[in-house]
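Chemist: The file below is final-v5.tsv, TSV, N, CA and C atoms:
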```tsv
chain	number	residue	atom	x	y	z
A	20	MET	N	-1.30	-11.77	43.89
A	20	MET	CA	-1.97	-10.73	43.13
A	20	MET	C	-1.69	-10.98	41.66
A	21	GLY	N	-2.72	-10.92	40.86
A	21	GLY	CA	-2.58	-11.15	39.44
A	21	GLY	C	-1.94	-9.97	38.73
A	22	SER	N	-1.48	-10.24	37.52
A	22	SER	CA	-0.81	-9.20	36.74
A	22	SER	C	-1.75	-8.05	36.40
A	23	SER	N	-3.00	-8.35	36.07
A	23	SER	CA	-3.95	-7.28	35.71
A	23	SER	C	-4.27	-6.41	36.92
A	24	LYS	N	-4.37	-7.02	38.10
A	24	LYS	CA	-4.63	-6.23	39.31
A	24	LYS	C	-3.44	-5.34	39.65
A	25	LEU	N	-2.25	-5.86	39.41
A	25	LEU	CA	-1.05	-5.06	39.67
A	25	LEU	C	-1.00	-3.84	38.75
A	26	TRP	N	-1.29	-4.03	37.46
A	26	TRP	CA	-1.29	-2.91	36.53
A	26	TRP	C	-2.39	-1.91	36.88
A	27	LEU	N	-3.54	-2.38	37.30
A	27	LEU	CA	-4.63	-1.50	37.71
A	27	LEU	C	-4.22	-0.69	38.94
A	28	LEU	N	-3.52	-1.33	39.87
A	28	LEU	CA	-3.03	-0.64	41.05
A	28	LEU	C	-2.01	0.44	40.67
A	29	ILE	N	-1.10	0.11	39.77
A	29	ILE	CA	-0.09	1.08	39.33
A	29	ILE	C	-0.75	2.26	38.63
A	30	LEU	N	-1.70	2.00	37.74
A	30	LEU	CA	-2.41	3.08	37.05
A	30	LEU	C	-3.20	3.94	38.03
A	31	GLY	N	-3.82	3.32	39.01
A	31	GLY	CA	-4.56	4.07	40.03
A	31	GLY	C	-3.66	4.98	40.83
A	32	MET	N	-2.49	4.47	41.23
A	32	MET	CA	-1.55	5.30	41.99
A	32	MET	C	-1.00	6.43	41.13
A	33	ALA	N	-0.77	6.17	39.85
A	33	ALA	CA	-0.30	7.21	38.94
A	33	ALA	C	-1.34	8.32	38.81
A	34	ALA	N	-2.59	7.94	38.68
A	34	ALA	CA	-3.67	8.94	38.55
A	34	ALA	C	-3.80	9.76	39.83
A	35	VAL	N	-3.70	9.09	40.98
A	35	VAL	CA	-3.85	9.79	42.26
A	35	VAL	C	-2.72	10.79	42.48
A	36	THR	N	-1.52	10.51	42.00
A	36	THR	CA	-0.43	11.46	42.18
A	36	THR	C	-0.39	12.51	41.06
A	37	TYR	N	-0.85	12.16	39.87
A	37	TYR	CA	-0.79	13.09	38.75
A	37	TYR	C	-1.88	14.15	38.83
A	38	ILE	N	-3.09	13.79	39.16
A	38	ILE	CA	-4.22	14.72	39.15
A	38	ILE	C	-3.99	15.93	40.06
A	39	PRO	N	-3.56	15.76	41.33
A	39	PRO	CA	-3.33	16.95	42.16
A	39	PRO	C	-2.23	17.86	41.63
A	40	ARG	N	-1.31	17.32	40.85
A	40	ARG	CA	-0.25	18.16	40.27
A	40	ARG	C	-0.71	18.84	39.00
A	41	ALA	N	-1.59	18.21	38.25
A	41	ALA	CA	-2.03	18.75	36.97
A	41	ALA	C	-3.09	19.84	37.15
A	42	ILE	N	-3.94	19.71	38.13
A	42	ILE	CA	-5.03	20.68	38.31
A	42	ILE	C	-4.51	22.10	38.50
A	43	PRO	N	-3.54	22.34	39.40
A	43	PRO	CA	-3.05	23.72	39.53
A	43	PRO	C	-2.40	24.24	38.25
A	44	ALA	N	-1.71	23.38	37.52
A	44	ALA	CA	-1.07	23.82	36.28
A	44	ALA	C	-2.11	24.25	35.25
A	45	VAL	N	-3.24	23.59	35.24
A	45	VAL	CA	-4.29	23.93	34.28
A	45	VAL	C	-5.06	25.16	34.73
A	46	LEU	N	-5.31	25.29	36.02
A	46	LEU	CA	-6.15	26.37	36.52
A	46	LEU	C	-5.40	27.64	36.89
A	47	ILE	N	-4.08	27.61	36.90
A	47	ILE	CA	-3.31	28.75	37.39
A	47	ILE	C	-3.55	30.02	36.57
A	48	GLU	N	-3.82	29.89	35.30
A	48	GLU	CA	-4.05	31.06	34.46
A	48	GLU	C	-5.39	31.72	34.75
A	49	LYS	N	-6.32	30.96	35.28
A	49	LYS	CA	-7.66	31.49	35.56
A	49	LYS	C	-7.77	32.11	36.94
A	50	ILE	N	-6.80	31.83	37.79
A	50	ILE	CA	-6.82	32.34	39.15
A	50	ILE	C	-5.90	33.55	39.25
A	51	HIS	N	-6.41	34.62	39.84
A	51	HIS	CA	-5.61	35.82	40.06
A	51	HIS	C	-5.42	36.01	41.56
A	52	PHE	N	-4.17	36.11	41.97
A	52	PHE	CA	-3.85	36.24	43.37
A	52	PHE	C	-3.54	37.68	43.70
A	53	GLY	N	-3.59	38.00	44.99
A	53	GLY	CA	-3.21	39.32	45.46
A	53	GLY	C	-1.69	39.47	45.44
A	54	ARG	N	-1.25	40.69	45.69
A	54	ARG	CA	0.18	40.99	45.64
A	54	ARG	C	0.97	40.19	46.70
A	55	ARG	N	0.41	40.11	47.89
A	55	ARG	CA	1.09	39.40	48.97
A	55	ARG	C	1.17	37.90	48.68
A	56	THR	N	0.10	37.36	48.13
A	56	THR	CA	0.08	35.93	47.80
A	56	THR	C	1.07	35.63	46.68
A	57	GLU	N	1.14	36.51	45.69
A	57	GLU	CA	2.12	36.33	44.61
A	57	GLU	C	3.54	36.32	45.16
A	58	LYS	N	3.83	37.24	46.07
A	58	LYS	CA	5.17	37.30	46.66
A	58	LYS	C	5.45	36.02	47.45
A	59	PHE	N	4.46	35.56	48.20
A	59	PHE	CA	4.60	34.32	48.96
A	59	PHE	C	4.90	33.14	48.03
A	60	LEU	N	4.18	33.03	46.94
A	60	LEU	CA	4.37	31.93	46.01
A	60	LEU	C	5.73	31.99	45.32
A	61	ARG	N	6.22	33.20	45.07
A	61	ARG	CA	7.54	33.33	44.45
A	61	ARG	C	8.66	32.90	45.40
A	62	LEU	N	8.43	32.97	46.71
A	62	LEU	CA	9.45	32.62	47.69
A	62	LEU	C	9.51	31.14	48.03
A	63	ILE	N	8.51	30.38	47.61
A	63	ILE	CA	8.47	28.96	47.95
A	63	ILE	C	9.69	28.19	47.44
A	64	PRO	N	10.14	28.38	46.19
A	64	PRO	CA	11.33	27.62	45.76
A	64	PRO	C	12.56	27.88	46.62
A	65	TYR	N	12.76	29.11	47.07
A	65	TYR	CA	13.91	29.42	47.91
A	65	TYR	C	13.77	28.79	49.29
A	66	THR	N	12.54	28.73	49.80
A	66	THR	CA	12.30	28.09	51.08
A	66	THR	C	12.57	26.59	50.98
A	67	ALA	N	12.12	25.99	49.89
A	67	ALA	CA	12.37	24.55	49.70
A	67	ALA	C	13.87	24.29	49.55
A	68	MET	N	14.56	25.18	48.84
A	68	MET	CA	16.00	25.02	48.68
A	68	MET	C	16.70	25.09	50.04
A	69	THR	N	16.26	25.99	50.89
A	69	THR	CA	16.85	26.11	52.22
A	69	THR	C	16.64	24.84	53.02
A	70	ALA	N	15.44	24.28	52.93
A	70	ALA	CA	15.15	23.04	53.65
A	70	ALA	C	16.00	21.88	53.15
A	71	MET	N	16.37	21.89	51.89
A	71	MET	CA	17.21	20.82	51.35
A	71	MET	C	18.68	21.03	51.68
A	72	ILE	N	19.15	22.26	51.62
A	72	ILE	CA	20.58	22.52	51.76
A	72	ILE	C	21.03	22.61	53.21
A	73	PHE	N	20.23	23.20	54.08
A	73	PHE	CA	20.68	23.48	55.46
A	73	PHE	C	21.14	22.23	56.21
A	74	PRO	N	20.41	21.11	56.17
A	74	PRO	CA	20.93	19.92	56.88
A	74	PRO	C	22.27	19.44	56.32
A	75	GLY	N	22.46	19.60	55.02
A	75	GLY	CA	23.71	19.18	54.41
A	75	GLY	C	24.89	20.06	54.77
A	76	VAL	N	24.61	21.31	55.15
A	76	VAL	CA	25.68	22.22	55.53
A	76	VAL	C	26.43	21.67	56.74
A	77	TRP	N	25.70	21.11	57.69
A	77	TRP	CA	26.32	20.63	58.92
A	77	TRP	C	26.87	19.22	58.79
A	78	SER	N	26.43	18.47	57.80
A	78	SER	CA	26.87	17.08	57.70
A	78	SER	C	27.77	16.81	56.50
A	79	THR	N	28.21	17.84	55.80
A	79	THR	CA	29.04	17.64	54.61
A	79	THR	C	30.34	16.93	54.96
A	80	ASP	N	31.11	17.50	55.84
A	80	ASP	CA	32.38	16.90	56.27
A	80	ASP	C	32.58	17.26	57.74
A	81	PRO	N	32.24	16.37	58.66
A	81	PRO	CA	32.35	16.71	60.08
A	81	PRO	C	33.76	17.10	60.51
A	82	SER	N	34.78	16.60	59.84
A	82	SER	CA	36.14	16.96	60.22
A	82	SER	C	36.54	18.34	59.69
A	83	ASN	N	35.82	18.84	58.70
A	83	ASN	CA	36.12	20.16	58.13
A	83	ASN	C	34.81	20.88	57.81
A	84	PRO	N	34.14	21.46	58.81
A	84	PRO	CA	32.83	22.08	58.59
A	84	PRO	C	32.87	23.33	57.72
A	85	VAL	N	34.05	23.88	57.47
A	85	VAL	CA	34.15	25.08	56.63
A	85	VAL	C	33.62	24.80	55.23
A	86	ILE	N	33.79	23.58	54.75
A	86	ILE	CA	33.35	23.22	53.40
A	86	ILE	C	31.83	23.37	53.29
A	87	GLY	N	31.11	22.81	54.22
A	87	GLY	CA	29.65	22.91	54.20
A	87	GLY	C	29.16	24.33	54.40
A	88	ILE	N	29.81	25.05	55.30
A	88	ILE	CA	29.40	26.44	55.56
A	88	ILE	C	29.63	27.30	54.32
A	89	ALA	N	30.75	27.09	53.63
A	89	ALA	CA	31.02	27.87	52.42
A	89	ALA	C	29.98	27.58	51.34
A	90	GLY	N	29.60	26.32	51.16
A	90	GLY	CA	28.57	25.98	50.19
A	90	GLY	C	27.23	26.59	50.56
A	91	GLY	N	26.88	26.55	51.84
A	91	GLY	CA	25.63	27.14	52.30
A	91	GLY	C	25.61	28.65	52.11
A	92	LEU	N	26.73	29.30	52.41
A	92	LEU	CA	26.80	30.75	52.21
A	92	LEU	C	26.73	31.12	50.74
A	93	THR	N	27.32	30.29	49.90
A	93	THR	CA	27.24	30.53	48.45
A	93	THR	C	25.79	30.47	47.98
A	94	ALA	N	25.09	29.43	48.41
A	94	ALA	CA	23.68	29.29	48.03
A	94	ALA	C	22.85	30.45	48.58
A	95	ALA	N	23.12	30.84	49.83
A	95	ALA	CA	22.36	31.94	50.44
A	95	ALA	C	22.60	33.25	49.70
A	96	LEU	N	23.85	33.52	49.35
A	96	LEU	CA	24.18	34.76	48.64
A	96	LEU	C	23.50	34.81	47.27
A	97	LEU	N	23.56	33.71	46.54
A	97	LEU	CA	22.93	33.68	45.22
A	97	LEU	C	21.42	33.75	45.31
A	98	ALA	N	20.83	33.13	46.34
A	98	ALA	CA	19.39	33.23	46.53
A	98	ALA	C	19.00	34.66	46.88
A	99	TRP	N	19.82	35.31	47.68
A	99	TRP	CA	19.55	36.72	48.04
A	99	TRP	C	19.62	37.61	46.80
A	100	ARG	N	20.48	37.25	45.85
A	100	ARG	CA	20.60	37.99	44.59
A	100	ARG	C	19.54	37.57	43.58
A	101	LYS	N	18.61	36.70	44.01
A	101	LYS	CA	17.46	36.23	43.22
A	101	LYS	C	17.88	35.42	41.99
A	102	CYS	N	18.93	34.64	42.14
A	102	CYS	CA	19.32	33.70	41.07
A	102	CYS	C	18.34	32.53	41.07
A	103	PRO	N	18.19	31.87	39.95
A	103	PRO	CA	17.32	30.68	39.92
A	103	PRO	C	17.80	29.62	40.91
A	104	VAL	N	16.87	28.84	41.41
A	104	VAL	CA	17.19	27.83	42.43
A	104	VAL	C	18.26	26.87	41.94
A	105	MET	N	18.15	26.43	40.69
A	105	MET	CA	19.12	25.47	40.17
A	105	MET	C	20.53	26.07	40.15
A	106	VAL	N	20.64	27.35	39.84
A	106	VAL	CA	21.95	28.01	39.84
A	106	VAL	C	22.52	28.03	41.26
A	107	CYS	N	21.68	28.32	42.24
A	107	CYS	CA	22.13	28.34	43.64
A	107	CYS	C	22.64	26.97	44.07
A	108	VAL	N	21.90	25.94	43.76
A	108	VAL	CA	22.28	24.59	44.17
A	108	VAL	C	23.57	24.16	43.48
A	109	LEU	N	23.64	24.37	42.17
A	109	LEU	CA	24.84	23.96	41.43
A	109	LEU	C	26.08	24.74	41.87
A	110	ALA	N	25.91	26.02	42.16
A	110	ALA	CA	27.04	26.82	42.63
A	110	ALA	C	27.52	26.33	44.00
A	111	ALA	N	26.59	26.00	44.88
A	111	ALA	CA	26.97	25.48	46.20
A	111	ALA	C	27.71	24.15	46.06
A	112	ILE	N	27.25	23.31	45.17
A	112	ILE	CA	27.93	22.03	44.93
A	112	ILE	C	29.33	22.27	44.38
A	113	ALA	N	29.46	23.21	43.45
A	113	ALA	CA	30.76	23.52	42.85
A	113	ALA	C	31.73	24.05	43.90
A	114	VAL	N	31.27	24.93	44.77
A	114	VAL	CA	32.15	25.47	45.82
A	114	VAL	C	32.59	24.35	46.76
A	115	ASP	N	31.66	23.49	47.16
A	115	ASP	CA	32.02	22.37	48.02
A	115	ASP	C	33.04	21.45	47.35
A	116	PHE	N	32.82	21.16	46.08
A	116	PHE	CA	33.73	20.29	45.35
A	116	PHE	C	35.13	20.90	45.27
A	117	LEU	N	35.20	22.18	44.94
A	117	LEU	CA	36.51	22.84	44.85
A	117	LEU	C	37.22	22.87	46.19
A	118	LEU	N	36.45	23.10	47.27
A	118	LEU	CA	37.08	23.11	48.59
A	118	LEU	C	37.55	21.71	48.99
A	119	TYR	N	36.82	20.68	48.58
A	119	TYR	CA	37.30	19.32	48.83
A	119	TYR	C	38.62	19.07	48.14
A	120	LEU	N	38.78	19.59	46.93
A	120	LEU	CA	40.03	19.41	46.20
A	120	LEU	C	41.18	20.15	46.85
A	121	VAL	N	40.89	21.34	47.35
A	121	VAL	CA	41.94	22.20	47.91
A	121	VAL	C	42.30	21.80	49.34
A	122	LEU	N	41.28	21.53	50.15
A	122	LEU	CA	41.55	21.25	51.57
A	122	LEU	C	41.82	19.82	51.84
```
Kindly present the structure from the file in C-alpha coordinates form.
Modeler:
Amino acid sequence: MGSSKLWLLILGMAAVTYIPRAIPAVLIEKIHFGRRTEKFLRLIPYTAMTAMIFPGVWSTDPSNPVIGIAGGLTAALLAWRKCPVMVCVLAAIAVDFLLYLVL
(Lines of atoms letter the chains of each structure in order from A and count residues from 1; the text may use other names and numbers.)
(Lines give C-alpha, C1' and ligand atoms only; values in the text may rest on other atoms or scores of the structure.)
Protein backbone atom coordinates (compact mmCIF):
# COMPACT_ATOMS: atom_id res chain seq x y z
CA MET A 1 0.00 0.00 0.00
CA GLY A 2 1.37 3.37 -0.97
CA SER A 3 1.92 6.23 1.43
CA SER A 4 -0.84 8.37 -0.09
CA LYS A 5 -3.36 5.53 0.18
CA LEU A 6 -2.39 4.99 3.79
CA TRP A 7 -2.94 8.67 4.64
CA LEU A 8 -6.27 8.63 2.80
CA LEU A 9 -7.29 5.56 4.81
CA ILE A 10 -6.30 7.24 8.09
CA LEU A 11 -8.20 10.43 7.21
CA GLY A 12 -11.26 8.39 6.20
CA MET A 13 -11.24 6.48 9.49
CA ALA A 14 -10.83 9.74 11.42
CA ALA A 15 -13.82 11.27 9.63
CA VAL A 16 -15.95 8.17 10.20
CA THR A 17 -15.28 8.23 13.95
CA TYR A 18 -15.39 12.02 14.38
CA ILE A 19 -18.64 12.80 12.54
CA PRO A 20 -20.95 10.63 14.73
CA ARG A 21 -19.44 12.26 17.82
CA ALA A 22 -19.61 15.81 16.51
CA ILE A 23 -23.20 15.76 15.25
CA PRO A 24 -24.83 15.33 18.69
CA ALA A 25 -22.59 18.03 20.16
CA VAL A 26 -23.68 20.46 17.47
CA LEU A 27 -27.37 19.56 17.49
CA ILE A 28 -27.91 19.08 21.24
CA GLU A 29 -28.92 22.71 21.78
CA LYS A 30 -31.64 22.46 19.14
CA ILE A 31 -33.18 19.29 20.54
CA HIS A 32 -35.44 19.44 23.58
CA PHE A 33 -36.03 16.21 25.47
CA GLY A 34 -38.76 15.24 27.89
CA ARG A 35 -38.19 15.06 31.62
CA ARG A 36 -37.77 11.28 31.66
CA THR A 37 -35.31 11.35 28.77
CA GLU A 38 -33.27 14.08 30.47
CA LYS A 39 -33.09 12.00 33.64
CA PHE A 40 -32.06 8.95 31.61
CA LEU A 41 -29.29 10.90 29.86
CA ARG A 42 -28.00 12.27 33.16
CA LEU A 43 -27.64 8.71 34.52
CA ILE A 44 -25.56 7.38 31.62
CA PRO A 45 -22.15 8.45 33.05
CA TYR A 46 -22.88 6.64 36.33
CA THR A 47 -23.98 3.53 34.44
CA ALA A 48 -20.79 3.58 32.39
CA MET A 49 -18.75 4.06 35.55
CA THR A 50 -20.43 1.02 37.09
CA ALA A 51 -19.63 -1.06 34.03
CA MET A 52 -15.98 -0.05 34.29
CA ILE A 53 -15.53 -0.42 38.05
CA PHE A 54 -17.59 -3.53 38.91
CA PRO A 55 -15.35 -6.11 37.15
CA GLY A 56 -12.32 -4.56 38.84
CA VAL A 57 -13.92 -4.88 42.27
CA TRP A 58 -13.67 -8.67 42.09
CA SER A 59 -10.27 -8.86 40.42
CA THR A 60 -8.32 -6.19 42.32
CA ASP A 61 -6.55 -8.55 44.72
CA PRO A 62 -7.87 -12.13 44.82
CA SER A 63 -6.02 -12.82 48.07
CA ASN A 64 -7.61 -9.79 49.77
CA PRO A 65 -11.03 -8.99 48.21
CA VAL A 66 -11.79 -6.37 50.89
CA ILE A 67 -9.63 -3.89 48.97
CA GLY A 68 -11.74 -4.10 45.82
CA ILE A 69 -15.02 -4.11 47.72
CA ALA A 70 -13.99 -0.99 49.68
CA GLY A 71 -13.10 0.84 46.45
CA GLY A 72 -16.38 -0.20 44.85
CA LEU A 73 -18.39 0.91 47.88
CA THR A 74 -16.56 4.24 47.87
CA ALA A 75 -17.44 4.81 44.23
CA ALA A 76 -21.05 3.72 44.82
CA LEU A 77 -21.46 6.04 47.82
CA LEU A 78 -20.05 9.04 45.97
CA ALA A 79 -22.17 8.28 42.90
CA TRP A 80 -25.24 8.06 45.13
CA ARG A 81 -24.31 11.50 46.50
CA LYS A 82 -24.21 12.70 42.85
CA CYS A 83 -20.49 13.50 42.78
CA PRO A 84 -18.92 13.87 39.33
CA VAL A 85 -17.82 10.59 37.75
CA MET A 86 -14.14 11.54 37.83
CA VAL A 87 -14.34 12.23 41.58
CA CYS A 88 -15.93 8.81 42.15
CA VAL A 89 -13.26 7.00 40.15
CA LEU A 90 -10.34 8.88 41.71
CA ALA A 91 -11.70 8.37 45.22
CA ALA A 92 -12.10 4.63 44.62
CA ILE A 93 -8.53 4.45 43.33
CA ALA A 94 -7.28 6.40 46.37
CA VAL A 95 -9.09 4.09 48.81
CA ASP A 96 -7.69 1.01 47.06
CA PHE A 97 -4.19 2.47 47.10
CA LEU A 98 -4.36 3.34 50.80
CA LEU A 99 -5.66 -0.13 51.65
CA TYR A 100 -2.82 -1.69 49.67
CA LEU A 101 -0.38 0.31 51.79
CA VAL A 102 -2.05 -0.65 55.06
CA LEU A 103 -2.95 -4.29 54.42
Chemist: Can you tell me, as a PyMOL selection string, what residues are no more than 7 Å from segment 76-86 of chain A when counting only N, CA and C atoms, ignoring any on the same chain fewer than 5 positions away?
Modeler: chain A and resi 71+91+114-115+118-119
Chemist: Could you check which of A:Met32, A:Gly75, A:Leu109, A:Lys49 is closest to Ile88 of chain A, using only N, CA and C atoms?
Modeler: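 Under the stated criterion, the closest residue is A:Gly75.
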Chemist: Enumerate, as an MDAnalysis selection string, the complete set of residues in segment 34-88 of chain A that a backbone-based DSSP assignment places in helix (DSSP H, G or I).
Modeler: chainID A and resid 34:46 54:78 85:88
Chemist: What does the distance between atom CA of Thr93 of chain A and atom CA of Ala111 of chain A come to in Å, to one decimal place?
Modeler: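 If I compute the distance from atom CA of Thr93 of chain A to atom CA of Ala111 of chain A, I get 5.5 Å.
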Chemist: What does the structure give for the distance between atom N of Met68 of chain A and atom CA of Leu46 of chain A, in Å to one decimal?
Modeler: 24.1 Å
Chemist: So how many Å separate atom C of Phe52 of chain A and atom CA of Arg100 of chain A, to one decimal?
Modeler: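 Atom-to-atom, atom C of Phe52 of chain A and atom CA of Arg100 of chain A are spaced 24.2 Å apart.
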Chemist: Near Tyr65 of chain A, within 8 Å and counting all atoms listed in the file, which residues show up once chain neighbours fewer than 6 positions away are dropped, as a list in words?
Modeler: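 My list of contacting residues is Met71, Ala98, Pro103 and Val104 of chain A.
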Chemist: Any chance you can output those residues with N, CA and C atoms as a CSV table (one decimal), in the frame of the given file?
Modeler:
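Okay, this is what ended up in result04.csv:
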```
chain,number,residue,atom,x,y,z
A,71,MET,N,16.4,21.9,51.9
A,71,MET,CA,17.2,20.8,51.4
A,71,MET,C,18.7,21.0,51.7
A,98,ALA,N,20.8,33.1,46.3
A,98,ALA,CA,19.4,33.2,46.5
A,98,ALA,C,19.0,34.7,46.9
A,103,PRO,N,18.2,31.9,40.0
A,103,PRO,CA,17.3,30.7,39.9
A,103,PRO,C,17.8,29.6,40.9
A,104,VAL,N,16.9,28.8,41.4
A,104,VAL,CA,17.2,27.8,42.4
A,104,VAL,C,18.3,26.9,41.9
```
Chemist: Since the input is missing atoms for segment 90-111 of chain A, could you rebuild it with N, CA, C and O atoms and give the result as a PDB file, in the frame of the given file?
Modeler:
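For reference, result-v2.pdb as written:
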```
ATOM      1  N   GLY A  90      29.600  26.320  51.160  1.00  0.00           N
ATOM      2  CA  GLY A  90      28.570  25.980  50.190  1.00  0.00           C
ATOM      3  C   GLY A  90      27.230  26.590  50.560  1.00  0.00           C
ATOM      4  O   GLY A  90      26.505  27.114  49.705  1.00  0.00           O
ATOM      5  N   GLY A  91      26.880  26.550  51.840  1.00  0.00           N
ATOM      6  CA  GLY A  91      25.630  27.140  52.300  1.00  0.00           C
ATOM      7  C   GLY A  91      25.610  28.650  52.110  1.00  0.00           C
ATOM      8  O   GLY A  91      24.598  29.230  51.697  1.00  0.00           O
ATOM      9  N   LEU A  92      26.730  29.300  52.410  1.00  0.00           N
ATOM     10  CA  LEU A  92      26.800  30.750  52.210  1.00  0.00           C
ATOM     11  C   LEU A  92      26.730  31.120  50.740  1.00  0.00           C
ATOM     12  O   LEU A  92      26.117  32.141  50.372  1.00  0.00           O
ATOM     13  N   THR A  93      27.320  30.290  49.900  1.00  0.00           N
ATOM     14  CA  THR A  93      27.240  30.530  48.450  1.00  0.00           C
ATOM     15  C   THR A  93      25.790  30.470  47.980  1.00  0.00           C
ATOM     16  O   THR A  93      25.314  31.350  47.256  1.00  0.00           O
ATOM     17  N   ALA A  94      25.090  29.430  48.410  1.00  0.00           N
ATOM     18  CA  ALA A  94      23.680  29.290  48.030  1.00  0.00           C
ATOM     19  C   ALA A  94      22.850  30.450  48.580  1.00  0.00           C
ATOM     20  O   ALA A  94      21.979  30.985  47.882  1.00  0.00           O
ATOM     21  N   ALA A  95      23.120  30.840  49.830  1.00  0.00           N
ATOM     22  CA  ALA A  95      22.360  31.940  50.440  1.00  0.00           C
ATOM     23  C   ALA A  95      22.600  33.250  49.700  1.00  0.00           C
ATOM     24  O   ALA A  95      21.657  34.015  49.446  1.00  0.00           O
ATOM     25  N   LEU A  96      23.850  33.520  49.350  1.00  0.00           N
ATOM     26  CA  LEU A  96      24.180  34.760  48.640  1.00  0.00           C
ATOM     27  C   LEU A  96      23.500  34.810  47.270  1.00  0.00           C
ATOM     28  O   LEU A  96      22.919  35.824  46.886  1.00  0.00           O
ATOM     29  N   LEU A  97      23.560  33.710  46.540  1.00  0.00           N
ATOM     30  CA  LEU A  97      22.930  33.680  45.220  1.00  0.00           C
ATOM     31  C   LEU A  97      21.420  33.750  45.310  1.00  0.00           C
ATOM     32  O   LEU A  97      20.771  34.385  44.469  1.00  0.00           O
ATOM     33  N   ALA A  98      20.830  33.130  46.340  1.00  0.00           N
ATOM     34  CA  ALA A  98      19.390  33.230  46.530  1.00  0.00           C
ATOM     35  C   ALA A  98      19.000  34.660  46.880  1.00  0.00           C
ATOM     36  O   ALA A  98      17.970  35.163  46.414  1.00  0.00           O
ATOM     37  N   TRP A  99      19.820  35.310  47.680  1.00  0.00           N
ATOM     38  CA  TRP A  99      19.550  36.720  48.040  1.00  0.00           C
ATOM     39  C   TRP A  99      19.620  37.610  46.800  1.00  0.00           C
ATOM     40  O   TRP A  99      18.881  38.575  46.682  1.00  0.00           O
ATOM     41  N   ARG A 100      20.480  37.250  45.850  1.00  0.00           N
ATOM     42  CA  ARG A 100      20.600  37.990  44.590  1.00  0.00           C
ATOM     43  C   ARG A 100      19.540  37.570  43.580  1.00  0.00           C
ATOM     44  O   ARG A 100      19.550  37.996  42.438  1.00  0.00           O
ATOM     45  N   LYS A 101      18.610  36.700  44.010  1.00  0.00           N
ATOM     46  CA  LYS A 101      17.460  36.230  43.220  1.00  0.00           C
ATOM     47  C   LYS A 101      17.880  35.420  41.990  1.00  0.00           C
ATOM     48  O   LYS A 101      17.246  35.496  40.946  1.00  0.00           O
ATOM     49  N   CYS A 102      18.930  34.640  42.140  1.00  0.00           N
ATOM     50  CA  CYS A 102      19.320  33.700  41.070  1.00  0.00           C
ATOM     51  C   CYS A 102      18.340  32.530  41.070  1.00  0.00           C
ATOM     52  O   CYS A 102      17.725  32.232  42.090  1.00  0.00           O
ATOM     53  N   PRO A 103      18.190  31.870  39.950  1.00  0.00           N
ATOM     54  CA  PRO A 103      17.320  30.680  39.920  1.00  0.00           C
ATOM     55  C   PRO A 103      17.800  29.620  40.910  1.00  0.00           C
ATOM     56  O   PRO A 103      18.995  29.511  41.196  1.00  0.00           O
ATOM     57  N   VAL A 104      16.870  28.840  41.410  1.00  0.00           N
ATOM     58  CA  VAL A 104      17.190  27.830  42.430  1.00  0.00           C
ATOM     59  C   VAL A 104      18.260  26.870  41.940  1.00  0.00           C
ATOM     60  O   VAL A 104      19.189  26.527  42.672  1.00  0.00           O
ATOM     61  N   MET A 105      18.150  26.430  40.690  1.00  0.00           N
ATOM     62  CA  MET A 105      19.120  25.470  40.170  1.00  0.00           C
ATOM     63  C   MET A 105      20.530  26.070  40.150  1.00  0.00           C
ATOM     64  O   MET A 105      21.509  25.373  40.432  1.00  0.00           O
ATOM     65  N   VAL A 106      20.640  27.350  39.840  1.00  0.00           N
ATOM     66  CA  VAL A 106      21.950  28.010  39.840  1.00  0.00           C
ATOM     67  C   VAL A 106      22.520  28.030  41.260  1.00  0.00           C
ATOM     68  O   VAL A 106      23.712  27.758  41.469  1.00  0.00           O
ATOM     69  N   CYS A 107      21.680  28.320  42.240  1.00  0.00           N
ATOM     70  CA  CYS A 107      22.130  28.340  43.640  1.00  0.00           C
ATOM     71  C   CYS A 107      22.640  26.970  44.070  1.00  0.00           C
ATOM     72  O   CYS A 107      23.709  26.862  44.683  1.00  0.00           O
ATOM     73  N   VAL A 108      21.900  25.940  43.760  1.00  0.00           N
ATOM     74  CA  VAL A 108      22.280  24.590  44.170  1.00  0.00           C
ATOM     75  C   VAL A 108      23.570  24.160  43.480  1.00  0.00           C
ATOM     76  O   VAL A 108      24.491  23.637  44.115  1.00  0.00           O
ATOM     77  N   LEU A 109      23.640  24.370  42.170  1.00  0.00           N
ATOM     78  CA  LEU A 109      24.840  23.960  41.430  1.00  0.00           C
ATOM     79  C   LEU A 109      26.080  24.740  41.870  1.00  0.00           C
ATOM     80  O   LEU A 109      27.178  24.180  41.937  1.00  0.00           O
ATOM     81  N   ALA A 110      25.910  26.020  42.160  1.00  0.00           N
ATOM     82  CA  ALA A 110      27.040  26.820  42.630  1.00  0.00           C
ATOM     83  C   ALA A 110      27.520  26.330  44.000  1.00  0.00           C
ATOM     84  O   ALA A 110      28.732  26.247  44.253  1.00  0.00           O
ATOM     85  N   ALA A 111      26.590  26.000  44.880  1.00  0.00           N
ATOM     86  CA  ALA A 111      26.970  25.480  46.200  1.00  0.00           C
ATOM     87  C   ALA A 111      27.710  24.150  46.060  1.00  0.00           C
ATOM     88  O   ALA A 111      28.717  23.914  46.747  1.00  0.00           O
TER      89      ALA A 111
END
```
